[in-house]
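Structure file coords06.txt (compact mmCIF, C-alpha atoms) is printed below.
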# COMPACT_ATOMS: atom_id res chain seq x y z
CA MET A 1314 -18.97 21.78 0.08
CA CYS A 1315 -16.73 23.28 -2.57
CA LEU A 1316 -13.82 21.80 -0.71
CA GLY A 1317 -11.55 19.81 -3.00
CA ILE A 1318 -8.43 18.05 -1.85
CA PRO A 1319 -5.40 17.16 -3.98
CA ALA A 1320 -4.58 13.45 -3.74
CA LYS A 1321 -2.03 11.11 -5.26
CA ILE A 1322 -3.27 7.83 -6.73
CA GLU A 1323 -1.59 4.87 -5.00
CA ARG A 1324 -3.47 1.83 -6.28
CA ILE A 1325 -6.28 1.39 -8.81
CA ASP A 1326 -8.99 -1.21 -8.45
CA GLY A 1327 -11.50 -0.93 -11.30
CA GLU A 1328 -13.61 2.19 -10.83
CA TYR A 1329 -12.08 2.84 -7.41
CA ALA A 1330 -8.61 3.75 -6.17
CA LEU A 1331 -6.66 4.20 -3.00
CA ALA A 1332 -5.47 7.78 -2.92
CA ASN A 1333 -3.00 9.43 -0.59
CA ILE A 1334 -4.37 12.59 1.00
CA ASN A 1335 -1.85 14.22 3.32
CA GLY A 1336 -0.48 10.83 4.33
CA ALA A 1337 -3.80 9.03 4.73
CA SER A 1338 -4.98 6.40 2.25
CA ILE A 1339 -8.58 7.02 1.22
CA ARG A 1340 -10.80 5.02 -1.13
CA ILE A 1341 -12.14 7.24 -3.89
CA GLY A 1342 -14.27 6.78 -7.01
CA LEU A 1343 -12.69 7.18 -10.45
CA HIS A 1344 -16.01 7.15 -12.32
CA LEU A 1345 -15.50 10.62 -13.78
CA LEU A 1346 -12.05 10.09 -15.27
CA ASP A 1347 -10.47 7.93 -17.95
CA ASP A 1348 -6.81 6.97 -18.12
CA VAL A 1349 -5.90 7.57 -14.49
CA LYS A 1350 -2.56 6.01 -13.60
CA THR A 1351 -0.78 5.26 -10.36
CA GLY A 1352 1.18 8.35 -9.35
CA ASP A 1353 -1.27 10.80 -10.95
CA PHE A 1354 -2.53 13.71 -8.88
CA VAL A 1355 -6.29 14.27 -8.83
CA LEU A 1356 -8.66 16.64 -7.07
CA VAL A 1357 -11.05 14.79 -4.76
CA HIS A 1358 -14.50 16.12 -3.93
CA THR A 1359 -17.24 14.21 -2.05
CA GLY A 1360 -15.35 10.96 -2.55
CA TYR A 1361 -14.79 11.22 -6.31
CA ALA A 1362 -11.80 12.32 -8.37
CA LEU A 1363 -13.19 15.34 -10.23
CA GLU A 1364 -10.29 15.98 -12.53
CA LYS A 1365 -6.57 15.36 -12.90
CA LEU A 1366 -4.22 18.04 -11.57
CA SER A 1367 -1.58 19.11 -14.06
CA GLU A 1368 1.87 19.47 -12.54
CA GLU A 1369 3.09 21.08 -15.74
CA GLU A 1370 0.43 23.82 -15.58
CA ALA A 1371 1.08 24.40 -11.88
CA LEU A 1372 4.81 24.88 -12.48
CA ASP A 1373 4.09 27.09 -15.47
CA THR A 1374 1.81 29.37 -13.38
CA ILE A 1375 4.43 29.66 -10.64
CA GLU A 1376 7.19 30.34 -13.15
CA THR A 1377 5.11 33.11 -14.77
CA LEU A 1378 4.57 34.71 -11.37
CA ARG A 1379 8.27 34.55 -10.54
CA GLN A 1380 8.83 36.71 -13.63
CA LEU A 1381 6.82 39.58 -12.09
CA GLU A 1382 8.93 42.72 -11.88
CA SER A 1383 8.34 43.11 -8.16
CA PHE A 1384 9.19 39.50 -7.34
CA ASP A 1385 12.27 39.42 -5.13
CA PRO A 1386 14.03 36.05 -5.28
CA GLU A 1387 16.70 37.12 -2.76
CA ASN A 1388 14.22 36.95 0.07
CA LEU A 1389 12.55 33.78 -1.11
CA THR A 1390 11.20 31.66 1.70
CA PRO A 1391 12.43 28.08 1.32
CA ASP A 1392 9.95 25.84 -0.52
CA THR A 1393 9.70 23.17 2.09
CA MET B 1116 5.07 18.49 -6.19
CA ASN B 1117 3.02 19.85 -3.35
CA PHE B 1118 0.14 21.67 -4.98
CA SER B 1119 -0.52 23.84 -1.93
CA VAL B 1120 2.90 25.04 -0.76
CA GLU B 1121 3.94 26.75 -4.02
CA PHE B 1122 0.65 28.66 -4.08
CA ARG B 1123 1.18 29.96 -0.56
CA ASN B 1124 4.57 31.48 -1.33
CA GLU B 1125 4.87 34.76 0.56
CA LYS B 1126 7.22 36.44 -1.91
CA ILE B 1127 4.98 35.71 -4.87
CA ALA B 1128 1.99 36.98 -2.88
CA LYS B 1129 3.86 40.20 -2.08
CA ALA B 1130 4.86 40.66 -5.71
CA LEU B 1131 1.24 40.25 -6.77
CA LEU B 1132 0.09 42.79 -4.19
CA THR B 1133 2.66 45.29 -5.44
CA GLU B 1134 1.45 44.64 -8.98
CA ILE B 1135 -2.20 45.16 -8.01
CA LYS B 1136 -1.37 48.42 -6.19
CA SER B 1137 0.61 49.71 -9.13
CA ILE B 1138 -2.11 49.15 -11.71
CA ILE B 1139 -5.29 50.05 -9.85
CA LYS B 1140 -6.75 53.41 -10.84
CA SER B 1141 -10.41 53.28 -9.87
CA LYS B 1142 -12.86 51.51 -7.57
CA ILE B 1143 -13.78 47.97 -8.45
CA ARG B 1144 -16.31 45.60 -6.92
CA ILE B 1145 -15.39 41.96 -7.29
CA MET B 1146 -17.75 39.18 -6.31
CA GLU B 1147 -16.81 35.58 -5.60
CA VAL B 1148 -19.50 32.95 -5.94
CA CYS B 1149 -17.95 29.97 -4.24
CA GLY B 1150 -18.05 29.16 -0.54
CA GLY B 1151 -14.49 27.84 -0.77
CA HIS B 1152 -13.33 31.23 -2.02
CA THR B 1153 -15.28 33.06 0.71
CA MET B 1154 -13.51 31.02 3.35
CA ALA B 1155 -10.04 31.23 1.76
CA ILE B 1156 -10.28 35.03 1.40
CA ARG B 1157 -11.17 35.40 5.07
CA ARG B 1158 -8.80 32.72 6.37
CA TYR B 1159 -5.79 34.20 4.61
CA GLY B 1160 -6.94 37.78 5.20
CA ILE B 1161 -6.78 38.59 1.49
CA HIS B 1162 -9.40 41.33 1.93
CA THR B 1163 -7.17 43.08 4.49
CA LEU B 1164 -4.19 43.15 2.11
CA LEU B 1165 -5.86 44.68 -0.92
CA PRO B 1166 -5.98 48.42 -1.61
CA ASN B 1167 -9.15 50.23 -0.49
CA GLU B 1168 -10.28 50.66 -4.10
CA ILE B 1169 -11.06 46.95 -4.25
CA GLU B 1170 -14.19 45.71 -2.55
CA LEU B 1171 -14.66 41.96 -2.34
CA LEU B 1172 -18.28 40.85 -2.23
CA SER B 1173 -19.42 37.41 -1.29
CA GLY B 1174 -22.16 36.05 -3.55
CA PRO B 1175 -24.56 33.10 -3.56
CA GLY B 1176 -21.85 30.43 -3.70
CA CYS B 1177 -22.35 28.49 -0.51
CA PRO B 1178 -24.66 25.57 -1.36
CA VAL B 1179 -25.97 25.27 2.19
CA CYS B 1180 -26.69 29.01 2.42
CA VAL B 1181 -28.70 29.17 -0.80
CA THR B 1182 -30.77 26.12 0.14
CA ASP B 1183 -34.37 27.21 0.36
CA GLN B 1184 -36.07 26.90 3.73
CA GLN B 1185 -38.91 24.97 2.06
CA PHE B 1186 -36.39 22.29 1.04
CA ILE B 1187 -35.34 21.91 4.67
CA ASP B 1188 -38.99 21.66 5.72
CA MET B 1189 -39.55 19.04 3.04
CA SER B 1190 -36.47 17.06 4.13
CA ILE B 1191 -37.85 17.10 7.67
CA ALA B 1192 -41.23 15.82 6.42
CA TYR B 1193 -39.51 12.91 4.63
CA ALA B 1194 -37.31 12.14 7.64
CA ARG B 1195 -40.48 11.79 9.73
CA LEU B 1196 -41.97 9.10 7.46
CA PRO B 1197 -41.91 5.58 8.93
CA ASP B 1198 -39.16 3.22 7.72
CA CYS B 1199 -37.22 6.06 6.12
CA ILE B 1200 -33.56 6.95 6.44
CA LEU B 1201 -32.67 10.47 5.33
CA LEU B 1202 -29.13 10.98 4.05
CA ILE B 1203 -27.62 14.45 4.02
CA TYR B 1204 -24.32 16.25 3.57
CA GLY B 1205 -23.10 17.43 6.98
CA ASP B 1206 -23.80 21.16 7.02
CA MET B 1207 -27.48 20.68 6.24
CA LEU B 1208 -28.09 19.26 9.69
CA ARG B 1209 -28.25 22.60 11.45
CA ILE B 1210 -29.98 24.84 8.89
CA PRO B 1211 -33.10 26.15 10.60
CA GLY B 1212 -36.35 25.16 8.89
CA THR B 1213 -39.59 27.02 9.56
CA ALA B 1214 -40.42 25.19 12.80
CA SER B 1215 -37.60 22.69 13.30
CA SER B 1216 -34.23 21.56 11.93
CA LEU B 1217 -32.85 18.20 10.88
CA ASP B 1218 -30.61 18.34 13.93
CA ARG B 1219 -33.65 18.54 16.20
CA GLU B 1220 -35.48 15.81 14.27
CA LYS B 1221 -32.46 13.53 14.60
CA ALA B 1222 -32.43 14.13 18.36
CA SER B 1223 -36.14 13.26 18.43
CA GLY B 1224 -35.44 9.86 16.92
CA CYS B 1225 -35.62 10.29 13.14
CA ASP B 1226 -33.02 8.22 11.30
CA ILE B 1227 -30.94 10.97 9.68
CA ARG B 1228 -27.40 10.13 8.64
CA ILE B 1229 -24.58 12.34 7.44
CA ILE B 1230 -22.67 11.09 4.44
CA TYR B 1231 -19.52 12.41 2.83
CA SER B 1232 -20.05 10.71 -0.50
CA THR B 1233 -22.80 9.00 -2.50
CA ILE B 1234 -20.53 5.91 -2.41
CA GLN B 1235 -21.58 5.66 1.25
CA ALA B 1236 -25.21 6.34 0.31
CA LEU B 1237 -25.41 3.23 -1.85
CA GLU B 1238 -23.74 1.13 0.86
CA ILE B 1239 -26.53 2.19 3.26
CA VAL B 1240 -29.16 1.43 0.59
CA ARG B 1241 -27.81 -2.10 0.06
CA LYS B 1242 -27.61 -2.82 3.79
CA ASN B 1243 -31.20 -1.68 4.45
CA PRO B 1244 -33.43 -3.28 1.81
CA SER B 1245 -36.56 -2.94 3.97
CA LYS B 1246 -36.09 0.82 4.47
CA ARG B 1247 -36.67 3.72 2.09
CA ILE B 1248 -33.43 5.63 1.77
CA ILE B 1249 -33.89 9.26 0.74
CA PHE B 1250 -30.85 11.34 -0.19
CA ALA B 1251 -31.36 15.12 0.12
CA ALA B 1252 -29.16 16.22 -2.77
CA ILE B 1253 -27.85 19.77 -2.62
CA GLY B 1254 -24.83 21.40 -4.20
CA PHE B 1255 -23.65 22.86 -7.47
CA GLU B 1256 -22.07 21.37 -10.60
CA THR B 1257 -19.28 19.94 -8.42
CA THR B 1258 -21.58 17.73 -6.38
CA VAL B 1259 -24.04 16.79 -9.12
CA PRO B 1260 -21.84 14.07 -10.71
CA GLY B 1261 -21.80 12.13 -7.41
CA THR B 1262 -25.62 12.04 -7.40
CA ALA B 1263 -25.67 11.05 -11.07
CA ILE B 1264 -23.21 8.19 -10.45
CA ALA B 1265 -25.36 6.91 -7.56
CA LEU B 1266 -28.58 7.05 -9.60
CA LYS B 1267 -26.99 5.26 -12.53
CA GLN B 1268 -25.59 2.57 -10.26
CA ALA B 1269 -28.93 2.20 -8.43
CA LYS B 1270 -30.65 1.64 -11.78
CA ILE B 1271 -28.09 -1.01 -12.80
CA GLU B 1272 -28.43 -2.82 -9.47
CA GLY B 1273 -32.22 -2.42 -9.31
CA LEU B 1274 -32.09 -0.67 -5.91
CA ASP B 1275 -35.79 0.15 -5.61
CA ASN B 1276 -35.48 1.55 -2.08
CA PHE B 1277 -33.25 4.47 -3.09
CA PHE B 1278 -34.75 7.93 -3.64
CA VAL B 1279 -33.39 11.42 -4.25
CA LEU B 1280 -34.87 14.72 -3.12
CA CYS B 1281 -33.18 16.97 -5.63
CA ALA B 1282 -32.21 20.61 -5.09
CA HIS B 1283 -29.08 20.68 -7.23
CA LYS B 1284 -28.25 24.12 -8.56
CA THR B 1285 -26.16 25.48 -11.39
CA MET B 1286 -24.24 28.69 -11.14
CA PRO B 1287 -24.43 30.86 -14.31
CA MET B 1288 -28.10 31.93 -14.18
CA ALA B 1289 -27.80 33.05 -10.54
CA MET B 1290 -24.82 35.21 -11.50
CA GLU B 1291 -26.82 36.70 -14.38
CA THR B 1292 -29.77 37.35 -12.08
CA LEU B 1293 -27.68 39.47 -9.71
CA ILE B 1294 -26.54 41.67 -12.58
CA GLU B 1295 -30.11 41.88 -13.92
CA GLU B 1296 -31.22 43.05 -10.47
CA GLY B 1297 -28.81 45.95 -10.79
CA ILE B 1298 -26.32 44.90 -8.14
CA PRO B 1299 -23.08 46.68 -9.05
CA ILE B 1300 -20.52 43.97 -9.84
CA ASP B 1301 -17.48 44.84 -11.95
CA GLY B 1302 -16.00 41.36 -12.12
CA TYR B 1303 -16.55 37.82 -10.94
CA ILE B 1304 -14.06 35.44 -9.35
CA GLY B 1305 -15.40 32.28 -10.97
CA PRO B 1306 -15.82 29.03 -9.03
CA GLY B 1307 -12.83 26.72 -9.52
CA HIS B 1308 -14.28 23.31 -8.86
CA VAL B 1309 -17.60 24.00 -10.57
CA SER B 1310 -15.54 24.94 -13.62
CA ALA B 1311 -13.39 21.79 -13.38
CA ILE B 1312 -16.58 19.84 -14.13
CA ALA B 1313 -18.58 22.23 -16.32
CA GLY B 1314 -15.65 24.03 -18.02
CA SER B 1315 -15.01 27.76 -18.02
CA LYS B 1316 -17.22 27.82 -21.16
CA ILE B 1317 -20.38 27.99 -19.02
CA PHE B 1318 -19.52 31.59 -18.14
CA ASP B 1319 -18.86 32.73 -21.73
CA PRO B 1320 -22.49 33.84 -22.34
CA LEU B 1321 -22.53 35.83 -19.07
CA ALA B 1322 -19.26 37.62 -19.89
CA THR B 1323 -20.43 38.46 -23.40
CA LYS B 1324 -23.99 39.50 -22.52
CA TYR B 1325 -23.02 41.78 -19.63
CA ASN B 1326 -19.57 42.80 -20.83
CA ILE B 1327 -17.98 41.65 -17.59
CA PRO B 1328 -14.66 39.96 -16.77
CA VAL B 1329 -14.71 36.54 -15.09
CA VAL B 1330 -11.56 34.82 -13.78
CA ILE B 1331 -11.76 31.17 -12.71
CA SER B 1332 -9.66 30.93 -9.59
CA GLY B 1333 -7.93 28.38 -7.42
CA PHE B 1334 -8.21 28.43 -3.65
CA GLU B 1335 -4.75 29.26 -2.34
CA PRO B 1336 -3.68 32.83 -1.48
CA VAL B 1337 -1.50 33.21 -4.57
CA ASP B 1338 -4.38 31.92 -6.73
CA LEU B 1339 -6.78 34.50 -5.33
CA LEU B 1340 -4.31 37.38 -5.57
CA GLN B 1341 -3.47 36.51 -9.15
CA SER B 1342 -7.18 36.32 -9.97
CA VAL B 1343 -7.82 39.74 -8.43
CA CYS B 1344 -4.85 41.11 -10.37
CA LEU B 1345 -6.21 39.72 -13.65
CA LEU B 1346 -9.68 41.10 -12.93
CA VAL B 1347 -8.29 44.57 -12.16
CA GLN B 1348 -6.27 44.49 -15.40
CA MET B 1349 -9.26 43.38 -17.47
CA PHE B 1350 -11.62 45.88 -15.82
CA GLN B 1351 -9.26 48.81 -16.36
CA GLU B 1352 -8.61 47.88 -19.95
CA GLY B 1353 -12.37 47.55 -20.49
CA ARG B 1354 -11.96 43.90 -21.41
CA SER B 1355 -14.67 41.34 -20.78
CA GLY B 1356 -14.38 37.57 -21.19
CA VAL B 1357 -13.48 34.52 -19.19
CA GLU B 1358 -9.92 33.77 -18.16
CA ILE B 1359 -8.62 30.78 -16.23
CA GLN B 1360 -6.16 31.35 -13.41
CA TYR B 1361 -6.66 27.81 -12.04
CA LYS B 1362 -5.03 26.21 -15.07
CA ARG B 1363 -3.68 23.22 -13.17
CA LEU B 1364 -7.25 21.94 -12.88
CA VAL B 1365 -9.64 23.84 -15.14
CA THR B 1366 -10.02 23.85 -18.91
CA HIS B 1367 -12.43 25.68 -21.18
CA GLN B 1368 -14.13 22.39 -22.05
CA GLY B 1369 -14.25 20.90 -18.54
CA ASN B 1370 -14.74 17.23 -17.72
CA VAL B 1371 -16.73 15.99 -20.71
CA LYS B 1372 -17.30 12.53 -19.21
CA ALA B 1373 -18.89 14.11 -16.13
CA GLN B 1374 -20.98 16.44 -18.28
CA HIS B 1375 -22.38 13.48 -20.29
CA LEU B 1376 -23.23 11.69 -17.07
CA ILE B 1377 -25.07 14.75 -15.71
CA GLU B 1378 -26.88 15.18 -19.03
CA GLU B 1379 -28.02 11.53 -18.97
CA VAL B 1380 -29.57 11.75 -15.50
CA PHE B 1381 -30.67 15.39 -15.10
CA GLU B 1382 -32.31 18.15 -17.09
CA PRO B 1383 -32.41 21.94 -16.44
CA ASP B 1384 -35.15 23.20 -14.17
CA THR B 1385 -36.23 26.22 -12.13
CA GLN B 1386 -34.66 26.25 -8.68
CA TYR B 1387 -35.53 28.36 -5.67
CA TRP B 1388 -32.58 30.22 -4.09
CA ARG B 1389 -32.74 31.58 -0.59
CA GLY B 1390 -32.81 35.35 -0.75
CA ILE B 1391 -33.06 35.49 -4.52
CA GLY B 1392 -36.18 33.46 -5.28
CA ALA B 1393 -37.03 31.23 -8.23
CA ILE B 1394 -34.55 31.38 -11.11
CA PRO B 1395 -35.48 29.56 -14.32
CA GLY B 1396 -32.70 27.30 -15.62
CA SER B 1397 -30.68 27.57 -12.42
CA GLY B 1398 -31.09 24.00 -11.27
CA LEU B 1399 -31.54 20.41 -12.25
CA LYS B 1400 -34.32 17.86 -11.99
CA ILE B 1401 -34.21 14.12 -12.48
CA ARG B 1402 -34.99 12.99 -16.03
CA LYS B 1403 -37.89 10.66 -16.88
CA GLY B 1404 -35.62 7.64 -17.31
CA TYR B 1405 -34.66 7.93 -13.64
CA GLU B 1406 -37.96 9.17 -12.14
CA LYS B 1407 -38.49 5.95 -10.18
CA PHE B 1408 -35.80 7.38 -7.89
CA ASP B 1409 -37.37 10.86 -7.71
CA VAL B 1410 -38.93 11.01 -4.27
CA GLN B 1411 -41.17 13.92 -5.21
CA LYS B 1412 -42.70 11.76 -7.95
CA GLN B 1413 -42.86 8.51 -5.97
CA LEU B 1414 -43.81 9.81 -2.50
CA PRO B 1415 -45.12 13.34 -3.08
CA ILE B 1416 -45.35 15.60 -0.04
CA GLN B 1417 -46.55 19.21 -0.14
CA VAL B 1418 -44.96 21.71 2.22
CA GLU B 1419 -45.91 25.40 2.40
CA ARG B 1420 -43.15 28.01 2.12
CA GLY B 1421 -42.72 29.47 5.62
CA PRO B 1422 -41.47 32.94 6.55
CA GLU B 1423 -37.73 33.65 6.81
CA PRO B 1424 -36.42 34.22 10.36
CA LYS B 1425 -37.29 37.75 11.57
CA GLY B 1426 -34.43 40.22 11.24
CA CYS B 1427 -32.17 37.80 9.33
CA LEU B 1428 -30.36 39.45 6.40
CA CYS B 1429 -29.10 36.23 4.78
CA GLY B 1430 -31.00 36.97 1.58
CA GLN B 1431 -29.38 40.37 1.09
CA ILE B 1432 -25.98 39.11 2.25
CA LEU B 1433 -26.12 36.35 -0.39
CA LYS B 1434 -26.70 39.00 -3.05
CA GLY B 1435 -23.78 41.13 -1.91
CA ILE B 1436 -26.09 44.02 -0.95
CA LYS B 1437 -25.35 43.75 2.77
CA ARG B 1438 -22.41 42.56 4.80
CA PRO B 1439 -22.81 40.11 7.72
CA THR B 1440 -21.80 42.94 10.06
CA ASP B 1441 -24.80 44.96 8.81
CA CYS B 1442 -27.14 42.40 10.39
CA LYS B 1443 -28.39 43.19 13.88
CA LEU B 1444 -28.45 39.49 14.77
CA PHE B 1445 -24.82 38.90 13.73
CA GLY B 1446 -22.61 37.80 16.61
CA LYS B 1447 -25.39 38.52 19.11
CA THR B 1448 -28.32 36.13 18.81
CA CYS B 1449 -26.88 34.50 15.66
CA THR B 1450 -23.57 32.68 16.14
CA PRO B 1451 -22.06 29.46 14.74
CA THR B 1452 -23.25 27.54 17.80
CA HIS B 1453 -26.76 29.06 17.62
CA PRO B 1454 -27.28 30.02 13.98
CA ILE B 1455 -30.48 31.78 12.98
CA GLY B 1456 -29.71 32.19 9.29
CA ALA B 1457 -28.18 29.66 6.90
CA CYS B 1458 -25.11 31.85 6.24
CA MET B 1459 -24.05 31.33 9.85
CA VAL B 1460 -24.55 27.54 9.66
CA SER B 1461 -22.13 26.53 6.97
CA SER B 1462 -18.38 26.65 7.39
CA GLU B 1463 -18.42 28.25 3.93
CA GLY B 1464 -21.11 30.79 4.75
CA SER B 1465 -20.39 34.53 4.68
CA CYS B 1466 -21.59 35.09 8.23
CA GLN B 1467 -19.62 32.24 9.71
CA SER B 1468 -16.47 33.26 7.83
CA PHE B 1469 -16.88 36.86 9.07
CA TYR B 1470 -17.48 35.58 12.60
CA THR B 1471 -14.48 33.24 12.58
CA TYR B 1472 -12.03 35.62 10.93
CA GLN B 1473 -13.06 39.08 12.09
CA SER B 1474 -10.99 42.08 11.05
CA PRO B 1475 -11.18 45.89 11.39
CA GLU B 1476 -11.99 46.10 7.66
CA ASP B 1477 -15.38 44.56 8.47
CA LEU B 1478 -16.39 47.83 10.08
CA ARG B 1479 -15.99 49.74 6.84
CA GLU B 1480 -19.26 51.14 5.54
CA SER B 1481 -20.83 49.17 2.74
CA ILE B 1482 -20.25 50.98 -0.53
CA VAL B 1483 -23.22 49.43 -2.34
Please render this file's structure as structure tokens.
Amino acid sequence: MCLGIPAKIERIDGEYALANINGASIRIGLHLLDDVKTGDFVLVHTGYALEKLSEEEALDTIETLRQLESFDPENLTPDT
Amino acid sequence: MNFSVEFRNEKIAKALLTEIKSIIKSKIRIMEVCGGHTMAIRRYGIHTLLPNEIELLSGPGCPVCVTDQQFIDMSIAYARLPDCILLIYGDMLRIPGTASSLDREKASGCDIRIIYSTIQALEIVRKNPSKRIIFAAIGFETTVPGTAIALKQAKIEGLDNFFVLCAHKTMPMAMETLIEEGIPIDGYIGPGHVSAIAGSKIFDPLATKYNIPVVISGFEPVDLLQSVCLLVQMFQEGRSGVEIQYKRLVTHQGNVKAQHLIEEVFEPDTQYWRGIGAIPGSGLKIRKGYEKFDVQKQLPIQVERGPEPKGCLCGQILKGIKRPTDCKLFGKTCTPTHPIGACMVSSEGSCQSFYTYQSPEDLRESIV
């Protein structure tokens, strides 16, 4: 029940939106968020967008971890 | 970007493991209190990668598992009423009640329907004006807003046939209770999606009062390893406080709009947790302004609290005192297809996660 799925907003219709979850378009509720735009990433739980996902913060976390002393970029698996 | 792939990067995971191994100096017991974390730890085998000094305990974070047996019995009683449709989230179907389960009642002809979202609940309410639709609402801060939205909308639309049987719970007081009971916990992996709604601020009093580190974590392997690393660092430096690893979603303040919505519809209440008992301030009840939807006010039914299944250790497993493998029923009479205890029912339950992703580390003796 804690399961939350990242989704990309495709189309907004009032308090609802069509969101892309792994290729499938799902209707979700936007009741909990203001200022959601097409193209935003949100976390969906029980049919509602709980919060926006920040791409900037995600990249920042990954970048911080790549600075770890024991991180070996030579053997980096491709980010596909 | 793909929010999952980057956080499953093998090289970053390895670097974090090296970091953890290089800094750890003493034993540490870390508890997670979210069913999603329980499952992710087992699925990715995080517990098998960590040094022996780190013991990961699974706490009362699976909403299905902590649902009191009396609530199941009460849901069954409501499902049996004439002209009623009972709506539930999926996992609740198979939790054993004292003498039956919702699964069995459904097979006997009761109209019990599984919903994924309260958006569906209201659609069923509108389509069935002559029926009483009762939603058995379980779940933590993550799931509460969905119930609040439905109640608000039902009030606006005047949907008089919609009712809620409320067992919503909130996390911080349960975490405090475990420490008060003397269960040795050196740090908490804080629930990510609960915190997205409520903000990491809800754990500030806990961290201060008990001088304990809490790290709010995401659900991918790199998230969990980074959270463990942060907890080990904080523990060894003697630092308490709340830190956020899951920064792409969680803030200290949380989702204020959702919090206002919850505040408008619900107020704090005592809730009964399986295995732990009644905890004041650990749950929510429907406020007066919405009590026409409160099924316990409008159609009161009394149900006695029945005994827990004989031999089942769910209660102690939920507190981190016992492991699923300590239970004599585990994997023998209690399996995911024939669960005896709630922790084997839910896909996020400790017992089911142990059963699905077994490893030699499970045979280690409990250190608590």
Residue among A:Ser1383, A:Thr1377, A:Ser1338, A:Thr1351 lying closest to chain B, counting all atoms listed in the file: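 Comparing A:Ser1383, A:Thr1377, A:Ser1338, A:Thr1351 against chain B, the winner is A:Ser1383.
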Counting all atoms listed in the file, which residues of chain B come no farther than 8 Å from chain A, as a PDB file with C-alpha atoms, keeping the file's coordinate frame?
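Done, and the output landed in part-v2.pdb:
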ATOM      1  CA  MET B1116       5.070  18.490  -6.190  1.00  0.00           C
ATOM      2  CA  PHE B1118       0.140  21.670  -4.980  1.00  0.00           C
ATOM      3  CA  VAL B1120       2.900  25.040  -0.760  1.00  0.00           C
ATOM      4  CA  GLU B1121       3.940  26.750  -4.020  1.00  0.00           C
ATOM      5  CA  PHE B1122       0.650  28.660  -4.080  1.00  0.00           C
ATOM      6  CA  ASN B1124       4.570  31.480  -1.330  1.00  0.00           C
ATOM      7  CA  GLU B1125       4.870  34.760   0.560  1.00  0.00           C
ATOM      8  CA  LYS B1126       7.220  36.440  -1.910  1.00  0.00           C
ATOM      9  CA  ILE B1127       4.980  35.710  -4.870  1.00  0.00           C
ATOM     10  CA  LYS B1129       3.860  40.200  -2.080  1.00  0.00           C
ATOM     11  CA  ALA B1130       4.860  40.660  -5.710  1.00  0.00           C
ATOM     12  CA  LEU B1131       1.240  40.250  -6.770  1.00  0.00           C
ATOM     13  CA  THR B1133       2.660  45.290  -5.440  1.00  0.00           C
ATOM     14  CA  GLU B1134       1.450  44.640  -8.980  1.00  0.00           C
ATOM     15  CA  CYS B1149     -17.950  29.970  -4.240  1.00  0.00           C
ATOM     16  CA  GLY B1150     -18.050  29.160  -0.540  1.00  0.00           C
ATOM     17  CA  GLY B1151     -14.490  27.840  -0.770  1.00  0.00           C
ATOM     18  CA  CYS B1177     -22.350  28.490  -0.510  1.00  0.00           C
ATOM     19  CA  PRO B1178     -24.660  25.570  -1.360  1.00  0.00           C
ATOM     20  CA  TYR B1231     -19.520  12.410   2.830  1.00  0.00           C
ATOM     21  CA  SER B1232     -20.050  10.710  -0.500  1.00  0.00           C
ATOM     22  CA  THR B1233     -22.800   9.000  -2.500  1.00  0.00           C
ATOM     23  CA  ILE B1234     -20.530   5.910  -2.410  1.00  0.00           C
ATOM     24  CA  GLY B1254     -24.830  21.400  -4.200  1.00  0.00           C
ATOM     25  CA  THR B1257     -19.280  19.940  -8.420  1.00  0.00           C
ATOM     26  CA  THR B1258     -21.580  17.730  -6.380  1.00  0.00           C
ATOM     27  CA  PRO B1260     -21.840  14.070 -10.710  1.00  0.00           C
ATOM     28  CA  GLY B1261     -21.800  12.130  -7.410  1.00  0.00           C
ATOM     29  CA  ILE B1264     -23.210   8.190 -10.450  1.00  0.00           C
ATOM     30  CA  HIS B1308     -14.280  23.310  -8.860  1.00  0.00           C
ATOM     31  CA  ALA B1311     -13.390  21.790 -13.380  1.00  0.00           C
ATOM     32  CA  ILE B1312     -16.580  19.840 -14.130  1.00  0.00           C
ATOM     33  CA  LYS B1362      -5.030  26.210 -15.070  1.00  0.00           C
ATOM     34  CA  ARG B1363      -3.680  23.220 -13.170  1.00  0.00           C
ATOM     35  CA  LEU B1364      -7.250  21.940 -12.880  1.00  0.00           C
ATOM     36  CA  ASN B1370     -14.740  17.230 -17.720  1.00  0.00           C
ATOM     37  CA  LYS B1372     -17.300  12.530 -19.210  1.00  0.00           C
ATOM     38  CA  ALA B1373     -18.890  14.110 -16.130  1.00  0.00           C
ATOM     39  CA  GLU B1463     -18.420  28.250   3.930  1.00  0.00           C
TER      40      GLU B1463
END
Interatomic distance (Å, one decimal) between CA of Gln1185 in chain B and CA of Thr1440 in chain B: 26.1 Å
Between CA of Gln1417 in chain B and CA of Phe1186 in chain B, distance in Å (one decimal):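 Atom-to-atom, CA of Gln1417 in chain B to CA of Phe1186 in chain B, that is 10.7 Å.
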Spatial sel., origin (-10.0, 35.9, -18.7), limit 6 Å, all atoms listed in the file, listed as an MDAnalysis selection string: chainID B and resid 1329:1330 1356:1359
Two-atom distance - CA of Ile1200 in chain B, CA of Ile1253 in chain B (Å):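 Here the two named atoms are 16.7 Å from each other.
Distance annotation: of B:Thr1292, B:Ser1141, B:Ser1216, B:Gln1374, the residue with the minimal separation from Gly1314 in chain B is B:Gln1374; atom set is only C-alpha atoms.
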To box range 1145-1153 of chain B, take all atoms listed in the file, fit an axis-aligned box, add 5 Å on each side, and give centre and edge lengths in Å to one decimal, as AutoDock Vina command-line options.
--center_x -16.4 --center_y 34.9 --center_z -3.3 --size_x 16.2 --size_y 24.1 --size_z 18.0
